[in-house]
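Peer 1: The following block contains the structure, expressed as structure tokens.
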Amino acid sequence: QYASQYYHHSKVQHSVTDLMASNSLPSEQFDMITSFETIEHVGEPEKILRGFFAALKPGGMLLCSTPNEEVIPLKEMNNPYHHKHYT
């Protein structure tokens with residue numbers, strides 16, 4: 001609701017879903033999916049990535065950011081909600 005209210009655009013769709021649920025996103029629906037600082041919070045990131053790529057239209061783009069293990073090591077960050085950092 002916040003994103004739709006403050007960042008509304010006729011060509012942008014904001015949605016909330018349980019990405020761990022099977023088929024939570026429609027197939028080949030999106031030109032772009034953004035996922036900022038989320039994938040490190042899940043125990044099965046491959047499941048979410050498969051869902052993202054299935055939801056992208058052919059030639060679509062996934063923009064995903066996550067903490068870099070080489071810059072912010074997981075053990076030094078000591079965040080109980082992060083499962084893994086990536087390089």
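We label chains A, B, ... in the order they appear in the structure tokens, count residues from 1 in each chain, and number ligands from 1 in the order shown.
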Would you kindly return, as a VMD selection string, each protein, DNA or RNA residue with an atom no farther than 10 Å from any atom of Met61 in chain A, considering only C-alpha atoms and excluding same-chain residues fewer than 5 positions away?
Peer 2: chain A and resid 30 to 34 52 to 53 56
Peer 1: How would the residues just picked look written out with N, CA, C and O atoms as a short mmCIF file (atom, residue, chain, number, x, y, z; two decimals), in the first residue's frame?
Peer 2:
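Output below, filename part01.cif:
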data_model
loop_
_atom_site.label_atom_id
_atom_site.label_comp_id
_atom_site.auth_asym_id
_atom_site.auth_seq_id
_atom_site.Cartn_x
_atom_site.Cartn_y
_atom_site.Cartn_z
N PHE A 30 6.31 -10.60 -15.63
CA PHE A 30 7.03 -9.37 -15.30
C PHE A 30 8.22 -9.12 -16.22
O PHE A 30 8.96 -10.03 -16.56
N ASP A 31 8.41 -7.84 -16.57
CA ASP A 31 9.59 -7.43 -17.33
C ASP A 31 10.80 -7.37 -16.42
O ASP A 31 11.91 -7.65 -16.83
N MET A 32 10.56 -6.97 -15.16
CA MET A 32 11.64 -6.84 -14.19
C MET A 32 11.12 -7.17 -12.80
O MET A 32 10.01 -6.81 -12.45
N ILE A 33 11.96 -7.86 -12.05
CA ILE A 33 11.69 -8.12 -10.64
C ILE A 33 12.87 -7.59 -9.85
O ILE A 33 14.02 -7.83 -10.22
N THR A 34 12.59 -6.84 -8.80
CA THR A 34 13.65 -6.36 -7.93
C THR A 34 13.50 -7.01 -6.56
O THR A 34 12.39 -7.19 -6.06
N PHE A 52 11.24 -16.50 -9.17
CA PHE A 52 11.51 -15.24 -9.85
C PHE A 52 11.68 -15.45 -11.34
O PHE A 52 11.08 -14.76 -12.16
N PHE A 53 12.53 -16.40 -11.72
CA PHE A 53 12.81 -16.60 -13.13
C PHE A 53 11.62 -17.14 -13.89
O PHE A 53 11.42 -16.81 -15.05
N LEU A 56 9.38 -14.11 -14.73
CA LEU A 56 9.88 -13.13 -15.69
C LEU A 56 9.45 -13.48 -17.11
O LEU A 56 9.44 -14.65 -17.51
#
Peer 1: Which residue, A:Ser24, A:Lys84, A:Lys11, A:Pro67, has the smallest gap to Arg50 in chain A when you use only C-alpha atoms?
Peer 2: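 Nearest to Arg50 in chain A: A:Ser24.
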Peer 1: Give me the residues near Thr38 in chain A as a ChimeraX atom specification, where near means some atom within 8 Å (using only C-alpha atoms) and where sequence neighbours in that chain fewer than 3 positions away do not count.
Peer 2: /A:35,41-42,65-66
Peer 1: Give me every strand (DSSP E) residue in chain A, going by DSSP on the backbone, as a ChimeraX atom specification.
Peer 2: /A:30-36,56-65
Peer 1: Using N, CA, C and O atoms, can you write the selected residues to a file as a compact mmCIF listing (two decimals), in the first residue's frame?
Peer 2:
# COMPACT_ATOMS: atom_id res chain seq x y z
N PHE A 30 6.31 -10.60 -15.63
CA PHE A 30 7.03 -9.37 -15.30
C PHE A 30 8.22 -9.12 -16.22
O PHE A 30 8.96 -10.03 -16.56
N ASP A 31 8.41 -7.84 -16.57
CA ASP A 31 9.59 -7.43 -17.33
C ASP A 31 10.80 -7.37 -16.42
O ASP A 31 11.91 -7.65 -16.83
N MET A 32 10.56 -6.97 -15.16
CA MET A 32 11.64 -6.84 -14.19
C MET A 32 11.12 -7.17 -12.80
O MET A 32 10.01 -6.81 -12.45
N ILE A 33 11.96 -7.86 -12.05
CA ILE A 33 11.69 -8.12 -10.64
C ILE A 33 12.87 -7.59 -9.85
O ILE A 33 14.02 -7.83 -10.22
N THR A 34 12.59 -6.84 -8.80
CA THR A 34 13.65 -6.36 -7.93
C THR A 34 13.50 -7.01 -6.56
O THR A 34 12.39 -7.19 -6.06
N SER A 35 14.62 -7.39 -6.01
CA SER A 35 14.65 -8.00 -4.68
C SER A 35 15.84 -7.42 -3.94
O SER A 35 16.98 -7.79 -4.19
N PHE A 36 15.56 -6.48 -3.05
CA PHE A 36 16.63 -5.79 -2.34
C PHE A 36 16.76 -6.31 -0.91
O PHE A 36 15.81 -6.23 -0.13
N LEU A 56 9.38 -14.11 -14.73
CA LEU A 56 9.88 -13.13 -15.69
C LEU A 56 9.45 -13.48 -17.11
O LEU A 56 9.44 -14.65 -17.51
N LYS A 57 9.11 -12.46 -17.87
CA LYS A 57 8.85 -12.65 -19.29
C LYS A 57 10.17 -13.04 -19.96
O LYS A 57 11.25 -12.74 -19.43
N PRO A 58 10.13 -13.68 -21.13
CA PRO A 58 11.38 -13.96 -21.85
C PRO A 58 12.17 -12.67 -22.04
O PRO A 58 11.62 -11.64 -22.45
N GLY A 59 13.44 -12.70 -21.70
CA GLY A 59 14.28 -11.52 -21.79
C GLY A 59 14.16 -10.59 -20.59
O GLY A 59 14.79 -9.54 -20.55
N GLY A 60 13.35 -10.98 -19.58
CA GLY A 60 13.16 -10.16 -18.40
C GLY A 60 14.42 -10.10 -17.55
O GLY A 60 15.38 -10.85 -17.77
N MET A 61 14.40 -9.24 -16.55
CA MET A 61 15.58 -9.02 -15.72
C MET A 61 15.25 -9.12 -14.24
O MET A 61 14.24 -8.60 -13.80
N LEU A 62 16.13 -9.80 -13.51
CA LEU A 62 16.07 -9.83 -12.05
C LEU A 62 17.18 -8.96 -11.52
O LEU A 62 18.35 -9.14 -11.87
N LEU A 63 16.84 -7.99 -10.68
CA LEU A 63 17.82 -7.15 -10.01
C LEU A 63 17.76 -7.50 -8.54
O LEU A 63 16.77 -7.25 -7.87
N CYS A 64 18.82 -8.14 -8.05
CA CYS A 64 18.85 -8.66 -6.69
C CYS A 64 20.09 -8.15 -5.98
O CYS A 64 21.20 -8.30 -6.49
N SER A 65 19.91 -7.55 -4.81
CA SER A 65 21.06 -7.14 -4.02
C SER A 65 21.08 -7.92 -2.72
O SER A 65 20.04 -8.35 -2.22
